[in-house]
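Heads up, the thing below is written out as structure tokens.
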Amino acid sequence: MIILKHADDIGIQLKKIKAATSSIGFVPTMGALHKGHISLLQKSKEVCEITICSIFINPTQFNNADDFKKYPVTLEQDIYALEKNGCDILFLPDVNEIYPGETISKNHFNLGYLETILEGKYRPGHFQGVCQVVSRLLKIVAPTHLFIGQKDYQQCMVIKRLIELEGLNIELIICPTLREENGLAMSSRNLRLDEQQREEAAEIYKTLLGMQQKIKPGSLHHLKKEATEYLIKKNFNPDYIEIAEAGNLNPVNEWDGTAHLVALAAAFIGDVRLIDNILLKH
Ligand code: PAF
């Protein structure tokens with residue numbers, strides 16, 4: 001595995017690669033890698049000839065300074081895991097490489113209502129930050145395929161929109177959420193949970209599974225309320241439990257029994273905020 005820290009060096013490598021290769025897969029990450037990230041790398045290796053991963057903790061997507069400060073860093077282990085799993089190139093930029101001249105991109109991305117609902121509502125500015133970094137990374141890496149995880153469901157939609165907005169010819173491949181044995185969605189933030197919290201955190205997925213089992217056509221108000229109350233009883237502090245159309249994330253209060261739906265949850269356990277989602281009917 002080649003490790004590159006400068007955008008220019010990626011450009012030089014790409015010139016060589018592109019002469020011999022037609023598909024370049026890209027897996028952007030913020031490090032603290034777990035099996036979910038590795039599954040993205042594996043999928044990319046299945047589909048593409050060359051796979052580039054990046055590790056960059058993007059300051060502009062953190063709406064909470066404390067969350068940024070406490071974001072887990074496990075660089076040595078990450079490099080080992082990427083190497084072992086066959087990553088070809090690791091792009092490891094520092095902040096000046098992504099935001100040169102200390103200027104954080106002033107670009108505003110027109111994300112429409114995606115920016116103001118769910119994660120957008122509770123993490124103002126978050127998706128603009130995600131778009132800033134992903135847009136910059138896609139310019140540097142110029143992949144043919146981009147691999148991201150379904151765990152960040154709304155982020156998947158935002159990145160799909162970004163690709164459309166920028167007119168990029170990149171195939172977006174959304175990969176399934178990987179889970180711990182108890183059902184907890186794998187996430188870098190899980191490293192901030194103690195053992196007991198890790199057990200308790202599985203309640204989020206159990207709640208979503210319960211919704212999947214109980215959903216019936218008609219009003220969904222009670223289902224959402226019951227799920228929220230359940231999580232509060234289990235000592236979570238939920239930001240939201242929502243049911244939305246799977247294709248566009250429009251919240252659904254009355255279900256006609258046919259629309260494809262997704263249930264999404266965001267909740268704090270202690271001071272760690274976790275998100276998860278599950279497709280209900282598809
Ligand atoms: O999902 C993530 O880890 C990040 O939001 C991403 C896509 C790497 C952008 O910083």
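By order of appearance in the structure tokens: chains A, B, ..., then residues from 1 within every chain, and ligands from 1 in the order shown.
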
Excluding A:Ile17 and its own-chain neighbours fewer than 5 positions away, which residues fall within 12 Å of it when counting only C-alpha atoms? Please give them as a PDB file with N, CA, C and O atoms, in the first residue's frame.
```pdb
ATOM      1  N   ILE A  10      -1.059  12.378  -5.314  1.00  0.00           N
ATOM      2  CA  ILE A  10      -2.178  11.527  -5.785  1.00  0.00           C
ATOM      3  C   ILE A  10      -2.317  11.735  -7.302  1.00  0.00           C
ATOM      4  O   ILE A  10      -2.473  10.779  -8.059  1.00  0.00           O
ATOM      5  N   GLY A  11      -2.242  12.993  -7.738  1.00  0.00           N
ATOM      6  CA  GLY A  11      -2.352  13.308  -9.160  1.00  0.00           C
ATOM      7  C   GLY A  11      -1.308  12.560  -9.974  1.00  0.00           C
ATOM      8  O   GLY A  11      -1.625  11.980 -11.026  1.00  0.00           O
ATOM      9  N   ILE A  12      -0.073  12.538  -9.489  1.00  0.00           N
ATOM     10  CA  ILE A  12       1.015  11.855 -10.214  1.00  0.00           C
ATOM     11  C   ILE A  12       0.730  10.349 -10.295  1.00  0.00           C
ATOM     12  O   ILE A  12       0.840   9.730 -11.362  1.00  0.00           O
ATOM     13  N   SER A  22      -9.116   1.081 -15.757  1.00  0.00           N
ATOM     14  CA  SER A  22     -10.306   1.847 -16.113  1.00  0.00           C
ATOM     15  C   SER A  22     -11.203   2.117 -14.909  1.00  0.00           C
ATOM     16  O   SER A  22     -12.084   2.960 -14.961  1.00  0.00           O
ATOM     17  N   SER A  23     -10.997   1.392 -13.796  1.00  0.00           N
ATOM     18  CA  SER A  23     -11.880   1.628 -12.654  1.00  0.00           C
ATOM     19  C   SER A  23     -11.086   1.907 -11.380  1.00  0.00           C
ATOM     20  O   SER A  23     -10.173   1.165 -11.019  1.00  0.00           O
ATOM     21  N   ILE A  24     -11.453   3.003 -10.754  1.00  0.00           N
ATOM     22  CA  ILE A  24     -10.812   3.374  -9.480  1.00  0.00           C
ATOM     23  C   ILE A  24     -11.906   3.521  -8.436  1.00  0.00           C
ATOM     24  O   ILE A  24     -12.826   4.338  -8.581  1.00  0.00           O
ATOM     25  N   GLU A  49     -10.524  -2.052 -10.170  1.00  0.00           N
ATOM     26  CA  GLU A  49      -9.157  -2.570 -10.293  1.00  0.00           C
ATOM     27  C   GLU A  49      -8.229  -1.988  -9.221  1.00  0.00           C
ATOM     28  O   GLU A  49      -7.325  -2.641  -8.741  1.00  0.00           O
ATOM     29  N   ILE A  50      -8.459  -0.714  -8.906  1.00  0.00           N
ATOM     30  CA  ILE A  50      -7.610  -0.043  -7.915  1.00  0.00           C
ATOM     31  C   ILE A  50      -8.516   0.553  -6.840  1.00  0.00           C
ATOM     32  O   ILE A  50      -9.581   1.100  -7.152  1.00  0.00           O
ATOM     33  N   THR A  51      -8.091   0.451  -5.573  1.00  0.00           N
ATOM     34  CA  THR A  51      -8.883   1.061  -4.497  1.00  0.00           C
ATOM     35  C   THR A  51      -8.040   2.067  -3.707  1.00  0.00           C
ATOM     36  O   THR A  51      -6.929   1.762  -3.265  1.00  0.00           O
ATOM     37  N   ILE A  52      -8.617   3.248  -3.586  1.00  0.00           N
ATOM     38  CA  ILE A  52      -7.978   4.308  -2.794  1.00  0.00           C
ATOM     39  C   ILE A  52      -8.869   4.568  -1.578  1.00  0.00           C
ATOM     40  O   ILE A  52     -10.089   4.717  -1.718  1.00  0.00           O
ATOM     41  N   ASP A  88      -4.914  -0.205  -2.075  1.00  0.00           N
ATOM     42  CA  ASP A  88      -3.756   0.103  -2.926  1.00  0.00           C
ATOM     43  C   ASP A  88      -3.090   1.410  -2.505  1.00  0.00           C
ATOM     44  O   ASP A  88      -1.874   1.498  -2.416  1.00  0.00           O
ATOM     45  N   ILE A  89      -3.933   2.444  -2.283  1.00  0.00           N
ATOM     46  CA  ILE A  89      -3.378   3.751  -1.919  1.00  0.00           C
ATOM     47  C   ILE A  89      -4.158   4.311  -0.739  1.00  0.00           C
ATOM     48  O   ILE A  89      -5.403   4.291  -0.743  1.00  0.00           O
ATOM     49  N   VAL A 141      -9.116  12.680  -5.975  1.00  0.00           N
ATOM     50  CA  VAL A 141      -8.990  11.239  -6.220  1.00  0.00           C
ATOM     51  C   VAL A 141      -9.578  10.826  -7.579  1.00  0.00           C
ATOM     52  O   VAL A 141      -9.156   9.828  -8.161  1.00  0.00           O
ATOM     53  N   ALA A 142     -10.550  11.603  -8.050  1.00  0.00           N
ATOM     54  CA  ALA A 142     -11.191  11.344  -9.345  1.00  0.00           C
ATOM     55  C   ALA A 142     -11.549   9.867  -9.566  1.00  0.00           C
ATOM     56  O   ALA A 142     -11.102   9.246 -10.529  1.00  0.00           O
ATOM     57  N   PRO A 143     -12.337   9.299  -8.652  1.00  0.00           N
ATOM     58  CA  PRO A 143     -12.658   7.873  -8.786  1.00  0.00           C
ATOM     59  C   PRO A 143     -13.749   7.618  -9.823  1.00  0.00           C
ATOM     60  O   PRO A 143     -14.478   8.546 -10.197  1.00  0.00           O
TER      61      PRO A 143
END
```

Original post:
So which residues are near ligand 1, meaning at most 9 Å away with only C-alpha atoms and all ligand atoms counted, given back as a PyMOL selection string?
Top reply: chain A and resi 27-31+37+54-61+126-127+129-134+137+148-149+151-152+155-156+159+188

Export of the given selection (C-alpha atoms) as a CSV table (one decimal), in the first residue's frame:
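Result file again25.csv:
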```csv
chain,number,residue,atom,x,y,z
A,27,VAL,CA,-13.6,4.8,0.2
A,28,PRO,CA,-13.5,8.1,2.1
A,29,THR,CA,-13.3,7.7,5.9
A,30,MET,CA,-12.5,9.6,9.1
A,31,GLY,CA,-10.4,6.7,10.4
A,37,HIS,CA,-15.2,0.3,6.7
A,54,SER,CA,-8.7,8.3,2.6
A,55,ILE,CA,-8.5,9.1,6.3
A,56,PHE,CA,-9.2,12.7,7.2
A,57,ILE,CA,-11.2,13.9,10.2
A,58,ASN,CA,-13.0,16.8,8.6
A,59,PRO,CA,-13.4,19.7,11.0
A,60,THR,CA,-16.1,21.4,8.9
A,61,GLN,CA,-18.6,18.7,9.4
A,126,HIS,CA,-23.0,19.2,9.1
A,127,PHE,CA,-24.0,18.3,5.5
A,129,GLY,CA,-19.2,20.3,5.8
A,130,VAL,CA,-19.6,16.8,4.4
A,131,CYS,CA,-20.1,18.2,0.9
A,132,GLN,CA,-17.1,20.5,1.2
A,133,VAL,CA,-14.8,17.6,2.0
A,134,VAL,CA,-16.3,15.0,-0.3
A,137,LEU,CA,-11.7,14.6,-2.1
A,148,ILE,CA,-20.2,4.6,1.4
A,149,GLY,CA,-22.2,2.9,4.1
A,151,LYS,CA,-25.6,3.5,8.3
A,152,ASP,CA,-25.4,7.2,7.4
A,155,GLN,CA,-25.4,11.2,4.1
A,156,CYS,CA,-25.9,8.7,1.3
A,159,ILE,CA,-23.7,12.6,-1.5
A,188,SER,CA,-16.3,4.7,15.0
```

Original post:
Please, which residues of stretch 92-140 of chain A, numbered as in this document, come out alpha helix (DSSP H) from DSSP, as a PyMOL selection string?
Top reply: chain A and resi 95-98+119-122+126-140

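Comparing the minimum interatomic distances between A:Leu264 and each of A:Leu118, A:Pro217, A:Phe26, A:Glu83, counting only C-alpha atoms, we find that A:Leu118 sits nearest.
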
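Taking only C-alpha atoms into account, A:His222 lies nearest to A:Ile241 out of the set A:Leu280, A:Leu114, A:Ile241, A:Leu138.
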
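Here the residues within stretch 120-255 of chain A that DSSP labels strand (DSSP E) on the basis of the backbone are His145, Leu146, Phe147, Ile148, Gly149, Glu171, Leu172, Ile173, Ile174, Cys175, Gly218, Ser219, Asn237, Pro238, Asp239, Tyr240, Ile241, Glu242, Ile243, Ala244, Glu245, Glu254 and Trp255 of chain A.
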